[in-house]
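**Q** File upload.tsv follows (TSV, C-alpha atoms):
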```tsv
chain	number	residue	atom	x	y	z
A	1	MET	CA	2.50	3.65	-4.49
A	2	ALA	CA	5.64	2.53	-3.89
A	3	LEU	CA	5.99	0.38	-0.93
A	4	ILE	CA	9.69	-0.42	-0.74
A	5	MET	CA	11.89	2.34	0.54
A	6	ALA	CA	15.09	0.49	1.26
A	7	CYS	CA	16.90	2.10	-1.70
A	8	ALA	CA	14.90	5.32	-1.89
A	9	SER	CA	17.90	7.46	-1.03
A	10	LEU	CA	19.58	6.32	-4.25
A	11	ALA	CA	16.85	7.70	-6.51
A	12	PRO	CA	17.33	11.21	-7.92
A	13	LEU	CA	15.09	13.91	-6.54
A	14	ALA	CA	12.91	15.75	-9.05
A	15	VAL	CA	12.40	19.48	-8.79
A	16	TRP	CA	8.72	20.43	-8.69
A	17	ALA	CA	7.35	23.97	-8.47
A	18	ALA	CA	3.78	23.12	-7.43
A	19	ALA	CA	1.81	19.89	-7.66
A	20	PRO	CA	4.18	17.36	-9.23
A	21	GLU	CA	3.43	16.03	-12.70
A	22	LEU	CA	2.32	12.41	-12.56
A	23	ASP	CA	5.05	11.21	-14.94
A	24	VAL	CA	7.76	12.99	-12.94
A	25	LEU	CA	6.43	11.64	-9.65
A	26	LEU	CA	6.18	8.07	-10.93
A	27	ALA	CA	9.72	8.28	-12.32
A	28	SER	CA	11.04	9.27	-8.89
A	29	LEU	CA	9.10	6.47	-7.16
A	30	ARG	CA	10.19	3.72	-9.53
A	31	ARG	CA	12.15	0.89	-7.91
A	32	GLU	CA	13.93	-2.15	-9.31
A	33	ALA	CA	12.69	-5.53	-8.10
A	34	PRO	CA	13.27	-7.37	-5.87
A	35	GLN	CA	13.00	-5.09	-2.85
A	36	ASP	CA	11.42	-5.32	0.56
A	37	SER	CA	10.28	-3.01	3.32
A	38	ARG	CA	8.97	-3.23	6.85
A	39	PHE	CA	5.35	-2.25	7.33
A	40	ILE	CA	2.69	-1.67	9.95
A	41	GLU	CA	-0.94	-1.88	8.85
A	42	VAL	CA	-3.89	-0.83	10.99
A	43	ARG	CA	-7.46	-1.64	9.99
A	44	TYR	CA	-10.35	0.38	11.38
A	45	SER	CA	-13.86	-1.01	11.09
A	46	LYS	CA	-17.14	-0.90	12.99
A	47	LEU	CA	-17.13	-4.70	12.78
A	48	LEU	CA	-13.97	-4.86	14.91
A	49	ARG	CA	-14.00	-4.45	18.68
A	50	GLU	CA	-10.71	-2.55	18.34
A	51	PRO	CA	-8.41	-1.67	15.44
A	52	LEU	CA	-6.50	-4.62	14.02
A	53	ARG	CA	-2.77	-3.96	13.86
A	54	VAL	CA	-0.32	-6.23	12.04
A	55	ALA	CA	3.37	-5.82	11.26
A	56	GLY	CA	5.84	-7.56	9.01
A	57	THR	CA	7.58	-7.27	5.65
A	58	LEU	CA	6.35	-6.43	2.17
A	59	LYS	CA	8.30	-7.84	-0.76
A	60	PHE	CA	8.02	-6.42	-4.28
A	61	LEU	CA	9.20	-9.25	-6.55
A	62	ALA	CA	7.84	-8.04	-9.91
A	63	VAL	CA	5.00	-5.94	-11.27
A	64	ASP	CA	2.62	-8.91	-10.89
A	65	ARG	CA	4.31	-10.57	-7.90
A	66	LEU	CA	3.97	-9.31	-4.35
A	67	GLN	CA	4.44	-10.97	-0.97
A	68	ARG	CA	3.19	-9.82	2.43
A	69	GLN	CA	4.66	-11.55	5.44
A	70	ILE	CA	2.98	-10.86	8.79
A	71	ASP	CA	5.16	-11.53	11.84
A	72	THR	CA	2.99	-10.07	14.62
A	73	PRO	CA	0.53	-10.62	16.25
A	74	TYR	CA	0.41	-13.88	14.26
A	75	ARG	CA	2.39	-15.41	11.41
A	76	GLU	CA	0.94	-15.45	7.91
A	77	THR	CA	2.34	-15.15	4.39
A	78	THR	CA	0.28	-13.99	1.43
A	79	ARG	CA	1.89	-14.33	-2.00
A	80	ILE	CA	0.35	-12.96	-5.19
A	81	GLU	CA	1.55	-14.33	-8.52
A	82	GLY	CA	-0.35	-13.07	-11.52
A	83	GLU	CA	-4.02	-13.87	-10.94
A	84	THR	CA	-3.42	-16.39	-8.14
A	85	VAL	CA	-3.13	-15.81	-4.38
A	86	TYR	CA	-1.30	-18.23	-2.08
A	87	LEU	CA	-2.06	-17.99	1.64
A	88	GLN	CA	0.02	-19.77	4.27
A	89	ARG	CA	-0.92	-19.50	7.95
A	90	GLU	CA	1.23	-20.94	10.68
A	91	GLY	CA	0.24	-24.52	11.43
A	92	GLU	CA	-2.06	-24.80	8.40
A	93	GLN	CA	-1.74	-26.05	4.85
A	94	GLU	CA	-1.23	-23.48	2.11
A	95	ARG	CA	-4.43	-22.36	0.41
A	96	ARG	CA	-4.78	-21.05	-3.13
A	97	PHE	CA	-7.54	-18.94	-4.67
A	98	ALA	CA	-8.18	-16.57	-7.57
A	99	LEU	CA	-7.22	-12.93	-7.13
A	100	ARG	CA	-10.66	-11.83	-8.36
A	101	ARG	CA	-12.10	-13.17	-5.08
A	102	ALA	CA	-10.01	-10.65	-3.13
A	103	PRO	CA	-10.66	-7.14	-4.52
A	104	GLU	CA	-8.68	-5.55	-1.67
A	105	LEU	CA	-5.58	-7.51	-2.68
A	106	ARG	CA	-6.19	-6.71	-6.34
A	107	GLY	CA	-6.30	-3.02	-5.47
A	108	VAL	CA	-3.04	-3.27	-3.55
A	109	LEU	CA	-1.33	-5.22	-6.32
A	110	SER	CA	-2.52	-2.91	-9.09
A	111	SER	CA	-1.43	0.23	-7.28
A	112	PHE	CA	1.82	-1.02	-5.74
A	113	GLY	CA	2.99	-2.82	-8.84
A	114	ALA	CA	2.24	0.03	-11.23
A	115	ILE	CA	3.79	2.68	-8.99
A	116	LEU	CA	6.93	0.70	-8.21
A	117	GLY	CA	7.24	-0.07	-11.90
A	118	GLY	CA	6.71	3.58	-12.85
A	119	ASP	CA	3.96	2.36	-15.18
A	120	ARG	CA	1.41	5.11	-15.74
A	121	THR	CA	-0.48	3.15	-18.41
A	122	THR	CA	-1.14	0.21	-16.07
A	123	LEU	CA	-1.98	2.52	-13.18
A	124	GLU	CA	-4.56	4.48	-15.20
A	125	ARG	CA	-6.02	1.29	-16.63
A	126	SER	CA	-7.20	0.35	-13.13
A	127	PHE	CA	-7.60	3.77	-11.49
A	128	ALA	CA	-8.53	7.37	-12.13
A	129	VAL	CA	-5.50	9.23	-10.75
A	130	THR	CA	-5.16	12.72	-9.28
A	131	VAL	CA	-2.05	14.37	-7.83
A	132	ASP	CA	-2.13	17.09	-5.17
A	133	GLY	CA	0.40	19.00	-3.10
A	134	SER	CA	4.05	19.60	-3.91
A	135	ASP	CA	7.33	17.72	-3.82
A	136	ALA	CA	7.53	18.49	-0.10
A	137	ALA	CA	4.14	16.90	0.62
A	138	TRP	CA	2.29	15.15	-2.18
A	139	GLN	CA	-0.69	12.84	-2.38
A	140	LEU	CA	-1.85	10.44	-5.06
A	141	THR	CA	-5.56	9.60	-5.01
A	142	LEU	CA	-6.49	6.41	-6.86
A	143	THR	CA	-10.16	5.76	-7.59
A	144	PRO	CA	-10.90	2.29	-9.00
A	145	ARG	CA	-12.57	2.33	-12.39
A	146	GLY	CA	-15.97	0.70	-12.86
A	147	THR	CA	-19.45	1.36	-11.53
A	148	ALA	CA	-19.58	2.47	-7.89
A	149	ARG	CA	-22.01	-0.26	-6.82
A	150	ASN	CA	-19.60	-2.96	-7.99
A	151	ARG	CA	-16.60	-1.54	-6.14
A	152	ARG	CA	-15.58	-2.70	-2.67
A	153	ILE	CA	-12.69	-0.22	-2.62
A	154	GLU	CA	-13.69	3.44	-2.87
A	155	SER	CA	-10.21	4.91	-3.00
A	156	ILE	CA	-6.53	4.43	-2.24
A	157	ARG	CA	-4.48	7.44	-1.16
A	158	VAL	CA	-0.70	7.37	-1.33
A	159	ILE	CA	0.93	9.99	0.92
A	160	GLY	CA	4.59	10.91	0.67
A	161	HIS	CA	7.39	13.46	0.44
A	162	ARG	CA	9.73	13.90	-2.51
A	163	ASP	CA	10.67	10.39	-3.73
A	164	GLN	CA	9.46	8.54	-0.64
A	165	PRO	CA	5.89	7.35	-0.10
A	166	HIS	CA	5.08	6.81	3.57
A	167	CYS	CA	1.49	5.58	3.75
A	168	PHE	CA	-1.23	3.91	1.71
A	169	VAL	CA	-4.74	4.65	2.93
A	170	MET	CA	-7.50	2.38	1.64
A	171	ARG	CA	-11.15	3.28	2.03
A	172	GLU	CA	-13.72	0.55	1.45
A	173	SER	CA	-17.34	0.94	0.43
A	174	ALA	CA	-18.49	-0.65	3.70
A	175	GLY	CA	-16.92	2.22	5.64
A	176	ALA	CA	-13.77	0.42	6.77
A	177	HIS	CA	-10.35	2.03	6.48
A	178	SER	CA	-6.86	0.61	6.53
A	179	VAL	CA	-3.64	2.59	6.88
A	180	LEU	CA	-0.42	0.95	5.71
A	181	VAL	CA	2.77	2.64	6.93
A	182	VAL	CA	5.99	1.65	5.18
A	183	GLY	CA	9.72	2.25	5.30
A	184	GLU	CA	11.44	4.40	7.90
A	185	ARG	CA	8.18	5.89	9.10
A	186	VAL	CA	7.32	2.53	10.68
A	187	ASP	CA	9.60	3.49	13.58
A	188	MET	CA	7.41	6.53	14.28
A	189	VAL	CA	4.21	4.54	14.89
A	190	PRO	CA	3.49	4.39	18.65
A	191	VAL	CA	3.50	1.05	20.42
A	192	THR	CA	-0.08	1.78	21.48
A	193	THR	CA	-2.20	1.77	18.32
A	194	PRO	CA	-3.19	5.38	17.52
A	195	ASP	CA	-6.62	6.37	16.29
A	196	ARG	CA	-7.02	6.89	12.57
A	197	ASP	CA	-6.67	10.69	12.61
A	198	ALA	CA	-3.47	10.52	14.63
A	199	LEU	CA	-2.00	7.91	12.29
A	200	LEU	CA	-2.89	9.99	9.22
A	201	ALA	CA	-1.25	13.01	10.85
A	202	LEU	CA	1.91	10.95	11.28
A	203	CYS	CA	1.75	9.98	7.60
A	204	ALA	CA	1.55	13.62	6.52
A	205	ARG	CA	4.25	14.91	8.89
A	206	HIS	CA	7.15	16.60	7.12
A	207	PRO	CA	10.48	14.84	7.55
A	208	ALA	CA	13.19	16.52	9.61
A	209	PRO	CA	15.48	18.73	7.50
```
What does this structure look like when you write it as C-alpha cells?

**A**
Amino acid sequence: MALIMACASLAPLAVWAAAPELDVLLASLRREAPQDSRFIEVRYSKLLREPLRVAGTLKFLAVDRLQRQIDTPYRETTRIEGETVYLQREGEQERRFALRRAPELRGVLSSFGAILGGDRTTLERSFAVTVDGSDAAWQLTLTPRGTARNRRIESIRVIGHRDQPHCFVMRESAGAHSVLVVGERVDMVPVTTPDRDALLALCARHPAP
C-alpha cells in the first residue's frame, strides 16, 4: 500500500508477464520518506444515515510515523508515532491514546508503512498477502493474522496499476467498508459521493494511455 504518489513517476517500472511477484511489486511501490498525498476517504456503514466522506492530506513520515490531516468537512489531524496516536480536533485539546485501542489505525499503519518501505517481512508479519492481476491492473489482498473472532478488520485490498496504487479498501468485521482514494485519482471522484460499487469501479479503471 503505498499511499503517496507525488514521486511515483520517478520510480522504475517493472516488467511483469502475469501476476506480479510480491517482491517485484513492493520494490516498485517503495517510496522515500517524507512524502505526502491528497486523499478522499468514504466510509459506508449501516450505522450511518449516509456515507461519510472526508478529504485531506496523508503524510508518510517514516515506517512507524504517519499523519492524516482532514480538511473537509471538518478539520482534524491524526498523528501516529510508534505505538501512540495523537488526535487534534479543531477547537479542542490534543488527545493521546495507545494504538492498540484503534485496530483500524493499526491496520492502516502496518500496511501503508510496510508497503511504502518495501518491507515484505514486516508486511507478512501482520498480514497474509496474496497478489492478483498483472502490472496493468494488480491487487494486493491483506488479511490480518490472528483468530477471526478477535479481528475487527477482515481485509485490506490495495488496488493499482504498474507502480501506482490508487485505492485502499478496508472491510471490517461489522460489515462496514471504507474506500481510500489517493494521488491523482482523487480528481476523478465525483463531487456527489458515489455508491461503493461505483467508487470501486473508479479505483479499478485503467489509466489513459

**Q** Please work out which residues fall within 12 Å of (0.2, -9.3, 5.3), coordinates as given in the file, with all atoms listed in the file counting, and return them as JSON, numbers by chain.

**A** {"A": [38, 39, 40, 41, 42, 43, 52, 53, 54, 55, 56, 57, 58, 59, 66, 67, 68, 69, 70, 71, 72, 73, 74, 75, 76, 77, 78, 79, 80, 86, 87, 88, 89, 104, 105, 108, 180]}

**Q** May I have the selected residues written with C-alpha atoms, as a compact mmCIF listing (two decimals), in the coordinates of the input?

**A**
```txt
# COMPACT_ATOMS: atom_id res chain seq x y z
CA ARG A 38 8.97 -3.23 6.85
CA PHE A 39 5.35 -2.25 7.33
CA ILE A 40 2.69 -1.67 9.95
CA GLU A 41 -0.94 -1.88 8.85
CA VAL A 42 -3.89 -0.83 10.99
CA ARG A 43 -7.46 -1.64 9.99
CA LEU A 52 -6.50 -4.62 14.02
CA ARG A 53 -2.77 -3.96 13.86
CA VAL A 54 -0.32 -6.23 12.04
CA ALA A 55 3.37 -5.82 11.26
CA GLY A 56 5.84 -7.56 9.01
CA THR A 57 7.58 -7.27 5.65
CA LEU A 58 6.35 -6.43 2.17
CA LYS A 59 8.30 -7.84 -0.76
CA LEU A 66 3.97 -9.31 -4.35
CA GLN A 67 4.44 -10.97 -0.97
CA ARG A 68 3.19 -9.82 2.43
CA GLN A 69 4.66 -11.55 5.44
CA ILE A 70 2.98 -10.86 8.79
CA ASP A 71 5.16 -11.53 11.84
CA THR A 72 2.99 -10.07 14.62
CA PRO A 73 0.53 -10.62 16.25
CA TYR A 74 0.41 -13.88 14.26
CA ARG A 75 2.39 -15.41 11.41
CA GLU A 76 0.94 -15.45 7.91
CA THR A 77 2.34 -15.15 4.39
CA THR A 78 0.28 -13.99 1.43
CA ARG A 79 1.89 -14.33 -2.00
CA ILE A 80 0.35 -12.96 -5.19
CA TYR A 86 -1.30 -18.23 -2.08
CA LEU A 87 -2.06 -17.99 1.64
CA GLN A 88 0.02 -19.77 4.27
CA ARG A 89 -0.92 -19.50 7.95
CA GLU A 104 -8.68 -5.55 -1.67
CA LEU A 105 -5.58 -7.51 -2.68
CA VAL A 108 -3.04 -3.27 -3.55
CA LEU A 180 -0.42 0.95 5.71
```

**Q** By how many Å are atom CA of A:Glu172 and atom CA of A:Thr141 apart?

**A**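 Taking atom CA of A:Glu172 and atom CA of A:Thr141, their separation equals 13.8 Å.
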
**Q** Could you tell me how far atom CA of A:Met188 sits from atom CA of A:Glu50, in Å to one decimal place?

**A**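 A separation of 20.7 Å between them.
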
**Q** Could you tell me how far atom CA of A:Lys46 lies from atom CA of A:Ala102, in Å and to one decimal?

**A**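 Atom-to-atom, atom CA of A:Lys46 and atom CA of A:Ala102 are spaced 20.1 Å apart.
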
**Q** Give me, as a Markdown table, each residue of stretch 96-138 of chain A that comes within 12 Å of stretch 21-24 of chain A, together with its shortest interatomic pair and the distance in Å at one decimal, counting only C-alpha atoms, with rows ordered by chain and rising residue number.

**A**
```
| residue | atom | partner | partner_atom | distance |
| --- | --- | --- | --- | --- |
| A:Ile115 | CA | A:Leu22 | CA | 10.5 |
| A:Gly117 | CA | A:Asp23 | CA | 11.9 |
| A:Gly118 | CA | A:Asp23 | CA | 8.1 |
| A:Asp119 | CA | A:Asp23 | CA | 8.9 |
| A:Arg120 | CA | A:Asp23 | CA | 7.1 |
| A:Thr121 | CA | A:Asp23 | CA | 10.4 |
| A:Leu123 | CA | A:Leu22 | CA | 10.8 |
| A:Glu124 | CA | A:Leu22 | CA | 10.8 |
| A:Ala128 | CA | A:Leu22 | CA | 12.0 |
| A:Val129 | CA | A:Leu22 | CA | 8.6 |
| A:Thr130 | CA | A:Leu22 | CA | 8.2 |
| A:Val131 | CA | A:Leu22 | CA | 6.7 |
| A:Asp132 | CA | A:Glu21 | CA | 9.4 |
| A:Gly133 | CA | A:Glu21 | CA | 10.5 |
| A:Ser134 | CA | A:Glu21 | CA | 9.5 |
| A:Asp135 | CA | A:Glu21 | CA | 9.8 |
| A:Trp138 | CA | A:Glu21 | CA | 10.6 |
```

**Q** Out of A:Val191, A:Phe97, A:Arg196, A:Leu47, which residue has the shortest atom-to-atom distance to A:Gly175 when counting all atoms listed in the file?

**A**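 Checking each of A:Val191, A:Phe97, A:Arg196, A:Leu47 against A:Gly175, counting all atoms listed in the file, the winner is A:Leu47.
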
**Q** So which residues touch A:Pro103 within 9 Å, counting all atoms listed in the file, skipping near sequence neighbours fewer than 6 positions away, as a VMD selection string?

**A** chain A and resid 151 to 153

**Q** Would you mind telling me which residue in A:Ser45, A:Val85, A:Phe60, A:Ala201 lies nearest to A:Met170 when using all atoms listed in the file?

**A** A:Ser45

**Q** Taking all atoms listed in the file into account, name the residue in A:Glu92, A:Asp163, A:Asp64, A:Glu83 that is nearest to A:Leu29.

**A**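 That would be A:Asp163, the residue with the smallest distance to A:Leu29.
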
**Q** How big is the axis-aligned box, and where does its centre sit, when it encloses all atoms of stretch 86-93 of chain A listed in the file and has 4 Å added on every side, reported in Å to one decimal as JSON?

**A**
```
{"center_x": -0.4, "center_y": -22.0, "center_z": 4.7, "size_x": 11.3, "size_y": 16.1, "size_z": 21.5}
```

**Q** List as a ChimeraX atom specification the protein and nucleic acid residues near A:Ala137, meaning an atom at most 8 Å away when only C-alpha atoms are counted, but skip any in the same chain fewer than 6 places from it.

**A** /A:159-162,204,206
